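Raw contents of model17.txt, compact mmCIF, C-alpha atoms:
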# COMPACT_ATOMS: atom_id res chain seq x y z
CA MET A 1 -47.59 3.16 158.82
CA ALA A 2 -44.85 0.98 160.29
CA THR A 3 -46.63 0.85 163.62
CA ASN A 4 -49.86 -0.10 161.87
CA VAL A 5 -48.15 -3.06 160.17
CA SER A 6 -46.50 -4.25 163.36
CA LEU A 7 -49.81 -3.83 165.19
CA LEU A 8 -51.50 -5.94 162.51
CA LEU A 9 -48.80 -8.63 162.80
CA GLU A 10 -49.17 -8.54 166.57
CA THR A 11 -52.93 -9.10 166.29
CA LEU A 12 -52.34 -11.93 163.82
CA ARG A 13 -49.88 -13.64 166.19
CA GLU A 14 -52.35 -13.35 169.03
CA SER A 15 -55.17 -14.86 166.94
CA LYS A 16 -56.54 -18.33 167.73
CA VAL A 17 -55.71 -19.72 164.23
CA TRP A 18 -52.06 -18.58 164.37
CA LYS A 19 -51.63 -20.03 167.85
CA SER A 20 -53.13 -23.37 166.75
CA VAL A 21 -50.52 -23.64 163.94
CA PHE A 22 -47.48 -22.23 165.77
CA ARG A 23 -47.71 -23.63 169.28
CA ARG A 24 -45.31 -21.28 170.98
CA GLY A 25 -45.13 -17.80 172.33
CA PRO A 26 -43.63 -14.79 170.50
CA ALA A 27 -40.04 -15.25 169.29
CA ASN A 28 -38.55 -12.92 171.90
CA SER A 29 -36.39 -15.39 173.82
CA ASN A 30 -33.90 -18.13 172.91
CA ARG A 31 -36.32 -20.69 174.32
CA THR A 32 -39.28 -19.75 172.11
CA ARG A 33 -36.97 -19.34 169.09
CA SER A 34 -35.66 -22.88 169.68
CA MET A 35 -39.22 -24.10 170.09
CA ALA A 36 -40.03 -22.69 166.65
CA VAL A 37 -37.40 -24.99 165.13
CA PHE A 38 -38.22 -28.03 167.31
CA GLY A 39 -41.94 -27.77 166.64
CA ASN A 40 -41.76 -27.54 162.85
CA LEU A 41 -41.79 -30.74 160.78
CA PHE A 42 -39.55 -29.20 158.11
CA LEU A 43 -37.09 -27.64 160.54
CA HIS A 44 -36.94 -30.03 163.51
CA TRP A 45 -33.98 -31.97 162.07
CA MET A 46 -32.00 -28.76 161.68
CA PRO A 47 -29.82 -27.49 164.53
CA VAL A 48 -31.34 -24.71 166.66
CA LYS A 49 -27.86 -23.25 167.18
CA VAL A 50 -24.75 -23.28 164.98
CA ARG A 51 -21.24 -22.05 165.56
CA GLU A 52 -20.74 -18.78 163.76
CA LYS A 53 -17.56 -19.96 162.01
CA SER A 54 -19.42 -22.88 160.42
CA LEU A 55 -21.53 -20.31 158.58
CA HIS A 56 -18.49 -18.65 156.96
CA VAL A 57 -18.26 -19.27 153.21
CA ARG A 58 -14.89 -20.98 153.53
CA ALA A 59 -16.28 -23.51 156.01
CA SER A 60 -18.36 -25.23 153.33
CA TYR A 61 -18.59 -23.01 150.21
CA TYR A 62 -22.28 -23.96 150.63
CA LEU A 63 -21.63 -26.88 148.26
CA GLY A 64 -24.06 -29.19 150.10
CA SER A 65 -26.74 -26.49 150.26
CA ILE A 66 -26.30 -25.75 146.56
CA SER A 67 -26.67 -29.48 145.78
CA PHE A 68 -29.89 -29.56 147.81
CA LEU A 69 -31.19 -26.41 146.12
CA LEU A 70 -30.51 -28.03 142.72
CA PHE A 71 -32.34 -31.15 143.92
CA LEU A 72 -35.37 -28.98 144.77
CA ILE A 73 -35.20 -27.31 141.33
CA LEU A 74 -35.04 -30.75 139.68
CA PHE A 75 -37.95 -31.96 141.83
CA VAL A 76 -40.21 -29.07 140.79
CA THR A 77 -39.21 -28.91 137.09
CA GLY A 78 -39.37 -32.72 136.88
CA ILE A 79 -42.97 -32.78 138.14
CA LEU A 80 -43.88 -30.04 135.64
CA LEU A 81 -42.27 -31.98 132.75
CA MET A 82 -44.26 -35.09 133.73
CA PHE A 83 -47.48 -33.31 132.70
CA TYR A 84 -46.43 -33.49 129.02
CA TYR A 85 -44.33 -36.66 128.87
CA HIS A 86 -45.54 -40.19 128.01
CA PRO A 87 -43.00 -42.91 128.88
CA ALA A 88 -43.74 -44.92 125.72
CA ALA A 89 -42.39 -45.23 122.17
CA PRO A 90 -42.73 -43.30 119.95
CA ASN A 91 -44.49 -40.68 122.14
CA ALA A 92 -41.50 -40.05 124.39
CA TYR A 93 -39.31 -38.51 121.68
CA ARG A 94 -42.21 -36.48 120.24
CA ASP A 95 -43.21 -35.21 123.70
CA MET A 96 -39.62 -34.10 124.27
CA LYS A 97 -39.66 -32.26 120.92
CA ASP A 98 -43.08 -30.76 121.77
CA LEU A 99 -41.65 -29.48 125.04
CA GLN A 100 -38.84 -27.85 123.09
CA PHE A 101 -40.83 -26.31 120.25
CA VAL A 102 -44.58 -26.27 121.01
CA VAL A 103 -45.33 -26.04 124.73
CA SER A 104 -45.15 -22.53 126.23
CA ASN A 105 -41.95 -22.19 128.27
CA GLY A 106 -41.39 -25.92 127.76
CA VAL A 107 -37.87 -25.42 126.44
CA PHE A 108 -37.07 -23.33 129.52
CA LEU A 109 -38.27 -26.04 131.92
CA ARG A 110 -36.58 -28.85 130.01
CA ASN A 111 -33.26 -27.03 129.85
CA LEU A 112 -33.55 -25.98 133.49
CA HIS A 113 -34.06 -29.64 134.40
CA ARG A 114 -31.21 -30.83 132.18
CA LEU A 115 -28.69 -28.17 133.21
CA ALA A 116 -29.58 -28.41 136.91
CA ALA A 117 -29.00 -32.18 136.63
CA HIS A 118 -25.54 -31.69 135.09
CA LEU A 119 -24.73 -29.06 137.70
CA MET A 120 -25.99 -31.24 140.56
CA VAL A 121 -23.62 -34.07 139.60
CA PHE A 122 -20.76 -31.55 139.56
CA MET A 123 -21.80 -29.94 142.86
CA VAL A 124 -22.26 -33.27 144.65
CA PHE A 125 -18.75 -34.29 143.55
CA ALA A 126 -17.36 -30.90 144.64
CA HIS A 127 -19.13 -31.26 147.99
CA MET A 128 -17.65 -34.74 148.42
CA PHE A 129 -14.09 -33.59 147.60
CA HIS A 130 -14.43 -30.59 149.93
CA VAL A 131 -15.67 -32.77 152.81
CA PHE A 132 -12.95 -35.32 152.11
CA TYR A 133 -10.06 -32.84 152.11
CA ARG A 134 -11.39 -31.24 155.32
CA GLY A 135 -11.38 -34.67 156.98
CA GLY A 136 -15.16 -34.67 157.27
CA TYR A 137 -15.22 -38.48 157.06
CA LYS A 138 -13.41 -38.83 160.42
CA PRO A 139 -15.20 -39.64 163.70
CA PRO A 140 -17.85 -38.74 164.66
CA HIS A 141 -18.87 -38.16 161.00
CA GLU A 142 -18.15 -41.67 159.56
CA PHE A 143 -21.80 -42.68 159.26
CA ASN A 144 -22.82 -39.44 157.58
CA TRP A 145 -19.89 -39.84 155.16
CA VAL A 146 -21.27 -43.24 154.13
CA ILE A 147 -24.78 -41.77 153.71
CA GLY A 148 -23.17 -39.09 151.53
CA VAL A 149 -21.44 -41.68 149.33
CA VAL A 150 -24.78 -43.46 148.85
CA LEU A 151 -26.37 -40.10 147.97
CA LEU A 152 -23.64 -39.60 145.34
CA LEU A 153 -24.55 -42.98 143.83
CA VAL A 154 -28.28 -42.10 143.91
CA THR A 155 -27.46 -38.83 142.12
CA LEU A 156 -25.56 -40.74 139.43
CA PHE A 157 -28.39 -43.30 139.04
CA LEU A 158 -30.91 -40.45 138.75
CA SER A 159 -28.75 -38.93 136.01
CA TYR A 160 -28.40 -42.23 134.20
CA THR A 161 -32.11 -43.14 134.31
CA GLY A 162 -33.01 -39.62 133.16
CA TYR A 163 -30.57 -39.99 130.25
CA LEU A 164 -32.83 -42.57 128.52
CA LEU A 165 -36.07 -40.58 128.78
CA PRO A 166 -35.60 -38.27 125.70
CA TRP A 167 -35.58 -41.54 123.68
CA ASP A 168 -33.18 -40.18 121.04
CA GLN A 169 -30.09 -41.84 119.54
CA LEU A 170 -27.80 -40.58 122.32
CA ALA A 171 -30.15 -41.96 124.99
CA PHE A 172 -30.57 -45.30 123.24
CA TRP A 173 -26.87 -46.03 122.71
CA ALA A 174 -25.81 -44.66 126.09
CA VAL A 175 -28.18 -47.06 127.81
CA THR A 176 -27.25 -49.93 125.45
CA VAL A 177 -23.59 -49.45 126.35
CA GLY A 178 -24.28 -48.86 130.07
CA THR A 179 -26.41 -51.94 130.54
CA ASN A 180 -23.86 -54.03 128.61
CA ILE A 181 -21.27 -52.89 131.16
CA ILE A 182 -23.62 -54.25 133.85
CA SER A 183 -23.84 -57.60 132.06
CA ALA A 184 -20.04 -57.90 132.28
CA MET A 185 -20.59 -58.66 136.00
CA PRO A 186 -19.83 -62.36 136.58
CA VAL A 187 -22.72 -64.86 136.94
CA ILE A 188 -25.56 -62.40 137.73
CA GLY A 189 -24.68 -59.69 135.16
CA ASP A 190 -26.99 -60.86 132.37
CA LYS A 191 -29.83 -61.47 134.84
CA ILE A 192 -29.55 -57.95 136.27
CA ARG A 193 -29.48 -56.46 132.75
CA PHE A 194 -32.61 -58.47 131.84
CA LEU A 195 -34.47 -57.25 134.96
CA LEU A 196 -33.32 -53.65 134.46
CA LEU A 197 -34.39 -53.54 130.80
CA GLY A 198 -37.39 -55.85 131.14
CA GLY A 199 -36.07 -57.70 128.07
CA HIS A 200 -32.94 -58.33 126.02
CA ILE A 201 -32.93 -55.04 124.12
CA VAL A 202 -33.45 -51.39 125.05
CA GLY A 203 -37.16 -51.17 124.21
CA GLU A 204 -40.42 -49.88 125.63
CA ASN A 205 -40.12 -52.01 128.77
CA ALA A 206 -36.75 -50.44 129.50
CA LEU A 207 -38.13 -46.93 128.93
CA LEU A 208 -40.99 -47.52 131.37
CA ARG A 209 -38.73 -49.10 133.99
CA PHE A 210 -36.19 -46.28 133.81
CA TYR A 211 -39.05 -43.77 134.00
CA VAL A 212 -40.53 -45.28 137.18
CA MET A 213 -37.09 -45.39 138.78
CA HIS A 214 -36.34 -41.82 137.68
CA VAL A 215 -39.56 -40.16 138.83
CA LEU A 216 -40.49 -42.25 141.87
CA ILE A 217 -38.12 -44.76 143.40
CA LEU A 218 -34.81 -42.88 143.24
CA PRO A 219 -36.22 -39.45 144.30
CA LEU A 220 -37.93 -41.17 147.24
CA VAL A 221 -34.66 -42.83 148.30
CA ALA A 222 -32.83 -39.52 147.81
CA LEU A 223 -35.35 -37.59 149.96
CA VAL A 224 -35.12 -40.09 152.84
CA LEU A 225 -31.31 -40.14 152.70
CA ILE A 226 -31.12 -36.33 152.49
CA GLY A 227 -33.30 -36.18 155.63
CA ILE A 228 -30.94 -38.52 157.48
CA HIS A 229 -27.90 -36.64 156.08
CA PHE A 230 -29.08 -33.25 157.42
CA TRP A 231 -30.24 -34.69 160.73
CA ARG A 232 -26.87 -36.39 161.28
CA VAL A 233 -24.99 -33.13 160.69
CA GLN A 234 -26.76 -31.79 163.78
CA LYS A 235 -26.41 -35.02 165.81
CA ASP A 236 -22.68 -35.26 165.02
CA GLY A 237 -22.09 -31.76 166.38
CA GLY A 238 -22.34 -29.59 163.27
CA LEU A 239 -19.99 -29.10 160.34
CA THR A 240 -16.34 -30.09 160.61
CA VAL A 241 -14.59 -26.94 161.79
CA LYS A 242 -10.84 -26.92 162.30
CA SER A 243 -9.07 -24.93 164.99
CA LYS A 244 -7.24 -22.91 162.35
CA ASP A 245 -10.66 -21.69 161.18
CA SER A 246 -11.08 -19.81 164.45
CA ASP A 247 -9.98 -16.54 162.83
CA GLY A 248 -13.02 -16.88 160.64
CA ARG A 249 -11.11 -17.99 157.56
CA MET B 1 -42.58 -64.98 199.16
CA SER B 2 -39.65 -64.90 196.83
CA ASN B 3 -39.62 -68.71 196.74
CA ALA B 4 -43.20 -68.81 195.57
CA ASN B 5 -42.34 -66.35 192.79
CA ASP B 6 -39.36 -68.42 191.68
CA ALA B 7 -41.55 -71.53 191.51
CA THR B 8 -44.08 -69.81 189.25
CA PHE B 9 -41.28 -68.48 187.09
CA ASP B 10 -39.70 -71.93 186.76
CA GLN B 11 -43.01 -73.47 185.76
CA THR B 12 -43.46 -71.14 182.80
CA LYS B 13 -39.78 -71.41 181.91
CA SER B 14 -39.55 -75.20 181.57
CA GLY B 15 -42.64 -77.09 180.48
CA ALA B 16 -42.62 -80.92 180.46
CA GLY B 17 -38.85 -81.53 180.37
CA ASN B 18 -38.34 -79.15 177.42
CA ASP B 19 -35.46 -76.65 177.43
CA VAL B 20 -37.30 -74.13 175.23
CA SER B 21 -39.71 -71.85 177.05
CA ARG B 22 -43.13 -71.10 175.62
CA ARG B 23 -42.17 -67.50 174.96
CA ASP B 24 -38.96 -68.46 173.12
CA PHE B 25 -40.83 -71.12 171.15
CA LEU B 26 -43.51 -68.65 170.03
CA ASN B 27 -40.84 -66.06 169.20
CA GLN B 28 -38.96 -68.56 167.06
CA ILE B 29 -42.16 -69.65 165.29
CA THR B 30 -43.08 -66.02 164.59
CA VAL B 31 -39.63 -64.98 163.37
CA GLY B 32 -39.42 -68.15 161.26
CA ALA B 33 -42.84 -67.55 159.68
CA LEU B 34 -42.04 -63.91 158.97
CA GLY B 35 -38.69 -64.94 157.51
CA ILE B 36 -40.30 -67.48 155.17
CA ALA B 37 -42.96 -64.93 154.16
CA GLY B 38 -40.22 -62.35 153.54
CA LEU B 39 -38.16 -64.71 151.37
CA GLY B 40 -41.35 -65.69 149.51
CA SER B 41 -42.14 -62.02 148.85
CA VAL B 42 -38.64 -61.48 147.44
CA ALA B 43 -39.07 -64.56 145.21
CA VAL B 44 -42.48 -63.58 143.81
CA THR B 45 -41.34 -59.96 143.32
CA TYR B 46 -38.34 -61.23 141.36
CA GLN B 47 -40.69 -63.37 139.23
CA TYR B 48 -42.98 -60.38 138.71
CA PHE B 49 -40.11 -58.25 137.39
CA ALA B 50 -38.93 -60.88 134.87
CA PRO B 51 -41.36 -60.61 131.91
CA ASN B 52 -42.77 -63.87 130.46
CA VAL B 53 -43.69 -62.51 127.04
CA LEU B 54 -41.43 -60.16 125.11
CA PHE B 55 -42.33 -58.11 122.05
CA GLU B 56 -38.86 -58.25 120.54
CA PRO B 57 -37.69 -59.28 117.04
CA ALA B 58 -37.85 -63.06 116.54
CA THR B 59 -34.60 -64.91 117.17
CA GLN B 60 -35.28 -67.32 114.28
CA PHE B 61 -36.03 -65.81 110.87
CA ARG B 62 -35.99 -66.42 107.11
CA ALA B 63 -33.49 -64.41 105.07
CA GLY B 64 -34.81 -65.13 101.56
CA THR B 65 -33.42 -67.40 98.84
CA PRO B 66 -29.62 -67.82 98.39
CA ASP B 67 -29.62 -66.27 94.91
CA LEU B 68 -30.46 -62.87 96.47
CA TYR B 69 -26.86 -62.71 97.69
CA PRO B 70 -24.02 -62.48 95.12
CA VAL B 71 -20.69 -64.21 95.86
CA HIS B 72 -18.20 -61.97 97.79
CA SER B 73 -21.02 -59.90 99.31
CA VAL B 74 -21.92 -58.70 102.82
CA THR B 75 -25.59 -57.79 103.33
CA PHE B 76 -26.82 -56.08 106.50
CA LEU B 77 -30.30 -57.07 107.73
CA GLN B 78 -31.34 -54.00 109.76
CA ASP B 79 -34.26 -55.49 111.73
CA GLN B 80 -32.40 -58.66 112.72
CA GLN B 81 -28.96 -57.04 113.22
CA VAL B 82 -27.25 -59.81 111.23
CA TYR B 83 -24.89 -59.81 108.22
CA ILE B 84 -25.52 -62.45 105.56
CA VAL B 85 -22.03 -63.03 104.15
CA ARG B 86 -21.56 -65.01 100.94
CA MET B 87 -18.05 -66.19 100.13
CA PRO B 88 -16.90 -68.78 97.51
CA GLU B 89 -16.93 -71.45 100.24
CA GLY B 90 -20.55 -70.71 101.22
CA PHE B 91 -22.83 -68.62 103.48
CA TYR B 92 -22.22 -67.20 106.96
CA ALA B 93 -24.67 -65.42 109.29
CA VAL B 94 -22.50 -62.99 111.28
CA SER B 95 -23.85 -61.02 114.24
CA ALA B 96 -23.83 -57.26 113.71
CA VAL B 97 -23.77 -56.54 117.47
CA CYS B 98 -20.30 -55.51 118.64
CA THR B 99 -18.86 -57.86 121.28
CA HIS B 100 -17.51 -54.86 123.20
CA LEU B 101 -20.59 -53.03 124.54
CA GLY B 102 -23.43 -54.01 122.22
CA CYS B 103 -23.50 -51.23 119.61
CA VAL B 104 -24.64 -52.17 116.10
CA THR B 105 -21.70 -52.26 113.67
CA GLN B 106 -21.64 -51.17 110.01
CA TRP B 107 -20.20 -52.81 106.89
CA LYS B 108 -17.81 -50.41 105.18
CA SER B 109 -17.69 -51.77 101.62
CA GLU B 110 -14.93 -49.35 100.48
CA ALA B 111 -12.60 -50.48 103.28
CA GLU B 112 -13.90 -54.08 103.16
CA MET B 113 -14.42 -54.26 106.93
CA ILE B 114 -17.06 -54.12 109.65
CA ALA B 115 -16.63 -51.06 111.92
CA CYS B 116 -18.27 -50.15 115.22
CA PRO B 117 -19.30 -46.45 115.53
CA CYS B 118 -19.21 -46.41 119.35
CA HIS B 119 -15.61 -47.23 120.26
CA GLY B 120 -13.89 -48.03 116.95
CA SER B 121 -13.62 -51.82 116.92
CA LYS B 122 -12.89 -53.28 113.46
CA PHE B 123 -13.67 -56.73 112.05
CA LYS B 124 -13.16 -58.59 108.78
CA ALA B 125 -16.23 -59.61 106.75
CA ASP B 126 -16.25 -63.03 108.43
CA GLY B 127 -16.30 -61.40 111.89
CA THR B 128 -12.60 -61.93 112.69
CA LYS B 129 -11.29 -59.13 114.91
CA ILE B 130 -8.86 -56.68 113.27
CA GLU B 131 -8.55 -54.34 116.25
CA GLY B 132 -10.18 -53.75 119.65
CA PRO B 133 -11.49 -52.72 122.09
CA ALA B 134 -13.82 -55.64 121.24
CA PRO B 135 -12.63 -58.68 123.22
CA ARG B 136 -13.97 -61.36 120.84
CA PRO B 137 -14.72 -61.81 117.12
CA LEU B 138 -18.34 -61.39 115.99
CA PRO B 139 -20.18 -64.68 116.60
CA HIS B 140 -21.67 -66.74 113.75
CA PHE B 141 -25.28 -67.92 113.95
CA ALA B 142 -26.61 -71.28 112.82
CA LEU B 143 -27.65 -71.11 109.15
CA SER B 144 -29.71 -73.73 107.33
CA LEU B 145 -32.00 -74.13 104.32
CA THR B 146 -35.76 -74.56 104.70
CA ALA B 147 -37.63 -77.21 102.71
CA ASP B 148 -38.72 -74.53 100.19
CA GLY B 149 -35.13 -73.37 99.70
CA GLU B 150 -34.88 -70.23 101.90
CA LEU B 151 -32.05 -69.34 104.26
CA LEU B 152 -33.02 -69.81 107.94
CA VAL B 153 -31.02 -68.03 110.68
CA ASP B 154 -31.23 -69.10 114.33
CA LYS B 155 -29.73 -66.39 116.57
CA LEU B 156 -29.96 -68.55 119.69
CA GLN B 157 -27.51 -71.06 118.18
CA SER B 158 -23.89 -70.07 117.66
CA VAL B 159 -21.63 -72.09 115.36
CA LYS B 160 -17.88 -72.23 114.70
CA ASN B 161 -16.58 -69.43 112.50
CA SER B 162 -15.22 -71.98 109.99
CA GLN B 163 -18.63 -73.59 109.47
CA ALA B 164 -20.13 -72.34 106.19
CA LEU B 165 -23.42 -73.28 104.55
CA LYS B 166 -22.77 -74.62 101.05
CA VAL B 167 -25.63 -74.13 98.59
Could you show the structure in this file as structure tokens?
Amino acid sequence: MATNVSLLLETLRESKVWKSVFRRGPANSNRTRSMAVFGNLFLHWMPVKVREKSLHVRASYYLGSISFLLFLILFVTGILLMFYYHPAAPNAYRDMKDLQFVVSNGVFLRNLHRLAAHLMVFMVFAHMFHVFYRGGYKPPHEFNWVIGVVLLLVTLFLSYTGYLLPWDQLAFWAVTVGTNIISAMPVIGDKIRFLLLGGHIVGENALLRFYVMHVLILPLVALVLIGIHFWRVQKDGGLTVKSKDSDGR
Amino acid sequence: MSNANDATFDQTKSGAGNDVSRRDFLNQITVGALGIAGLGSVAVTYQYFAPNVLFEPATQFRAGTPDLYPVHSVTFLQDQQVYIVRMPEGFYAVSAVCTHLGCVTQWKSEAEMIACPCHGSKFKADGTKIEGPAPRPLPHFALSLTADGELLVDKLQSVKNSQALKV
């Protein structure tokens, strides 16, 4: 049975279609295994080799990976929620209530999205503190540290823009207060608030603007920055590993 | 051989007593044009994002005849977010929007004060600050009488807090 399966896999790997997709030989040497990573769009920015100690739990607590996993969860659940949500008043609030009480599994998806968002903010902060206390901002990692700080801000902006979308009292007053904080900025504050809200009050224009930022602009920025962030980890020589970690702790 | 090359090079480099070479000139023109186009794009995008027509409550509105409001009363106009305050000395139109972070305040008749639900600022009926975090008293709006004897509030015009409309 086992030999039959491996024989089948062998035949599949030797087939013309397989070879046209995976342009390398069988993964039986370090060279072809490296080629598998180099030649894949989704993997080519990842390192082909890592130091074993950087994979130990204590090296990172996987905080960055968990943040990215939460981002993926938010990406998928967010797209699914978009199928039932109209970014307009009064539909927005009703759609949110429909998702909670009418749509099959809607309450699961909405809560998954909401809780993953809360958790992502926490995990991104935890990741930042961990990197900071390990000295991960020091050369040669300075640039990636800055990218990380921008990613933290993008995470917070994603949270804030998503906060308005349920269009309930909490959302309305949170955004009223938040945008009034922006208008405390000297000279340009009121102008920025006007552009952000598309008016002087938190109304339908503001809902639509926050929606577009939440579902398109900010995720796009986040994806590009996450790509650079991962790629730089490899280019800067992997995770920060201290000499005292050499015992694997 | 090398002399001939230098001569050709010099010719292209300096045309008709001008210090700028053709290549540099064209580069500057191109970068300049792209720069102007870029700035123009930023300007028109900014214009595009600032709406010209807003569907928001009118800033100037009628608040009915003066006899609707008894003396020593504070009346909250929900849609306009304004208090019509009538005191013995006359009428005031006091903003109901907290000067701290823009929440809408409420008139507490039993305590005789205006309170903000967001962060606990308190004001007297005439908008004077009792306690923070609000940095300023509630502003007063211009109040006048129309020809047919109705109160007219203009939210774009602020007036001194001592200025009352006598009817």
Checklist entry - What residues in chain B have any atom no more than 8 Å from chain A when counting all atoms listed in the file, and can you write them as a list in words? => result Phe49, Ala50, Pro51, Leu54, Glu56, Leu101, Gly102 and Cys103 of chain B
Item to check | Coordinates-based distance that separates CA of Leu152 (chain B) from CA of Thr99 (chain B) (Å, one decimal) | outcome: 22.8 Å
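Using all atoms listed in the file, the residues found no farther than 8 Å from Met96 (chain A), other than those of its own chain fewer than 3 positions away, are A:Tyr85, A:Ala92, A:Tyr93, A:Leu99, A:Gln100, A:Pro166.
Taking only C-alpha atoms, the non-local environment of Val150 (chain A) within 12 Å (same-chain residues fewer than 3 positions away omitted) comprises Val124, Met128, Phe143, Asn144, Trp145, Val146, Ile147, Leu153, Val154, Thr155, Leu156, Phe157, Leu218, Val221, Ala222, Val224, Leu225, Ile226, Ile228 and His229 of chain A.
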Next on the checklist: Applying 12 Å and all atoms listed in the file, which residues near region 67-81 of chain B remain after dropping the ones on its own chain fewer than 3 positions away? List them as a VMD selection string.
Outcome noted: (chain A and resid 201) or (chain B and resid 56 to 64 84 to 98 102 to 110 112 to 114 124 to 127 138 141 149 to 151 153 to 155 166 to 167)
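Separating CA of Val121 (chain A) from CA of Pro87 (chain A) is a distance of 23.8 Å.
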Next on the checklist: Residues within 12 Å of Gly227 (chain A), please, as an NGL selection string. Count only C-alpha atoms; anything in the same chain fewer than 6 positions from it doesn't count.
Outcome noted: :A and (41-46 or 68 or 144 or 147-148 or 151 or 220-221 or 233-234)
Keeping C-alpha atoms for every residue in the selection just given, could you write it to a file as a PDB file, in the coordinates of the input?
ATOM      1  CA  LEU A  41     -41.790 -30.740 160.780  1.00  0.00           C
ATOM      2  CA  PHE A  42     -39.550 -29.200 158.110  1.00  0.00           C
ATOM      3  CA  LEU A  43     -37.090 -27.640 160.540  1.00  0.00           C
ATOM      4  CA  HIS A  44     -36.940 -30.030 163.510  1.00  0.00           C
ATOM      5  CA  TRP A  45     -33.980 -31.970 162.070  1.00  0.00           C
ATOM      6  CA  MET A  46     -32.000 -28.760 161.680  1.00  0.00           C
ATOM      7  CA  PHE A  68     -29.890 -29.560 147.810  1.00  0.00           C
ATOM      8  CA  ASN A 144     -22.820 -39.440 157.580  1.00  0.00           C
ATOM      9  CA  ILE A 147     -24.780 -41.770 153.710  1.00  0.00           C
ATOM     10  CA  GLY A 148     -23.170 -39.090 151.530  1.00  0.00           C
ATOM     11  CA  LEU A 151     -26.370 -40.100 147.970  1.00  0.00           C
ATOM     12  CA  LEU A 220     -37.930 -41.170 147.240  1.00  0.00           C
ATOM     13  CA  VAL A 221     -34.660 -42.830 148.300  1.00  0.00           C
ATOM     14  CA  VAL A 233     -24.990 -33.130 160.690  1.00  0.00           C
ATOM     15  CA  GLN A 234     -26.760 -31.790 163.780  1.00  0.00           C
TER      16      GLN A 234
END
Checklist entry - In Å, with one decimal, what is the gap from CA of Leu72 (chain A) to CA of Tyr137 (chain A)? => result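 Rounded to one decimal, the two atoms are 25.4 Å apart.
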Is it possible to add N, CA and C atoms to region 191-204 of chain A and hand it back as a JSON list (two decimals), in the coordinates of the input?
[["chain", "number", "residue", "atom", "x", "y", "z"],
["A", 191, "LYS", "N", -28.53, -61.44, 134.16],
["A", 191, "LYS", "CA", -29.83, -61.47, 134.84],
["A", 191, "LYS", "C", -30.23, -60.05, 135.27],
["A", 192, "ILE", "N", -29.27, -59.31, 135.82],
["A", 192, "ILE", "CA", -29.55, -57.95, 136.27],
["A", 192, "ILE", "C", -29.92, -57.07, 135.08],
["A", 193, "ARG", "N", -29.18, -57.25, 133.95],
["A", 193, "ARG", "CA", -29.48, -56.46, 132.75],
["A", 193, "ARG", "C", -30.90, -56.76, 132.27],
["A", 194, "PHE", "N", -31.27, -58.06, 132.29],
["A", 194, "PHE", "CA", -32.61, -58.47, 131.84],
["A", 194, "PHE", "C", -33.69, -57.83, 132.72],
["A", 195, "LEU", "N", -33.48, -57.84, 134.04],
["A", 195, "LEU", "CA", -34.47, -57.25, 134.96],
["A", 195, "LEU", "C", -34.55, -55.74, 134.78],
["A", 196, "LEU", "N", -33.37, -55.10, 134.59],
["A", 196, "LEU", "CA", -33.32, -53.65, 134.46],
["A", 196, "LEU", "C", -34.03, -53.18, 133.19],
["A", 197, "LEU", "N", -33.82, -53.94, 132.08],
["A", 197, "LEU", "CA", -34.39, -53.54, 130.80],
["A", 197, "LEU", "C", -35.78, -54.13, 130.60],
["A", 198, "GLY", "N", -36.13, -55.16, 131.38],
["A", 198, "GLY", "CA", -37.39, -55.85, 131.14],
["A", 198, "GLY", "C", -37.39, -56.53, 129.79],
["A", 199, "GLY", "N", -36.22, -57.04, 129.37],
["A", 199, "GLY", "CA", -36.07, -57.70, 128.07],
["A", 199, "GLY", "C", -34.60, -57.81, 127.71],
["A", 200, "HIS", "N", -34.33, -58.19, 126.45],
["A", 200, "HIS", "CA", -32.94, -58.33, 126.02],
["A", 200, "HIS", "C", -32.44, -57.11, 125.27],
["A", 201, "ILE", "N", -33.33, -56.24, 124.85],
["A", 201, "ILE", "CA", -32.93, -55.04, 124.12],
["A", 201, "ILE", "C", -33.48, -53.81, 124.82],
["A", 202, "VAL", "N", -32.93, -52.64, 124.50],
["A", 202, "VAL", "CA", -33.45, -51.39, 125.05],
["A", 202, "VAL", "C", -34.73, -51.05, 124.28],
["A", 203, "GLY", "N", -35.87, -51.39, 124.87],
["A", 203, "GLY", "CA", -37.16, -51.17, 124.21],
["A", 203, "GLY", "C", -38.12, -50.44, 125.13],
["A", 204, "GLU", "N", -39.42, -50.60, 124.84],
["A", 204, "GLU", "CA", -40.42, -49.88, 125.63],
["A", 204, "GLU", "C", -40.42, -50.28, 127.10]]
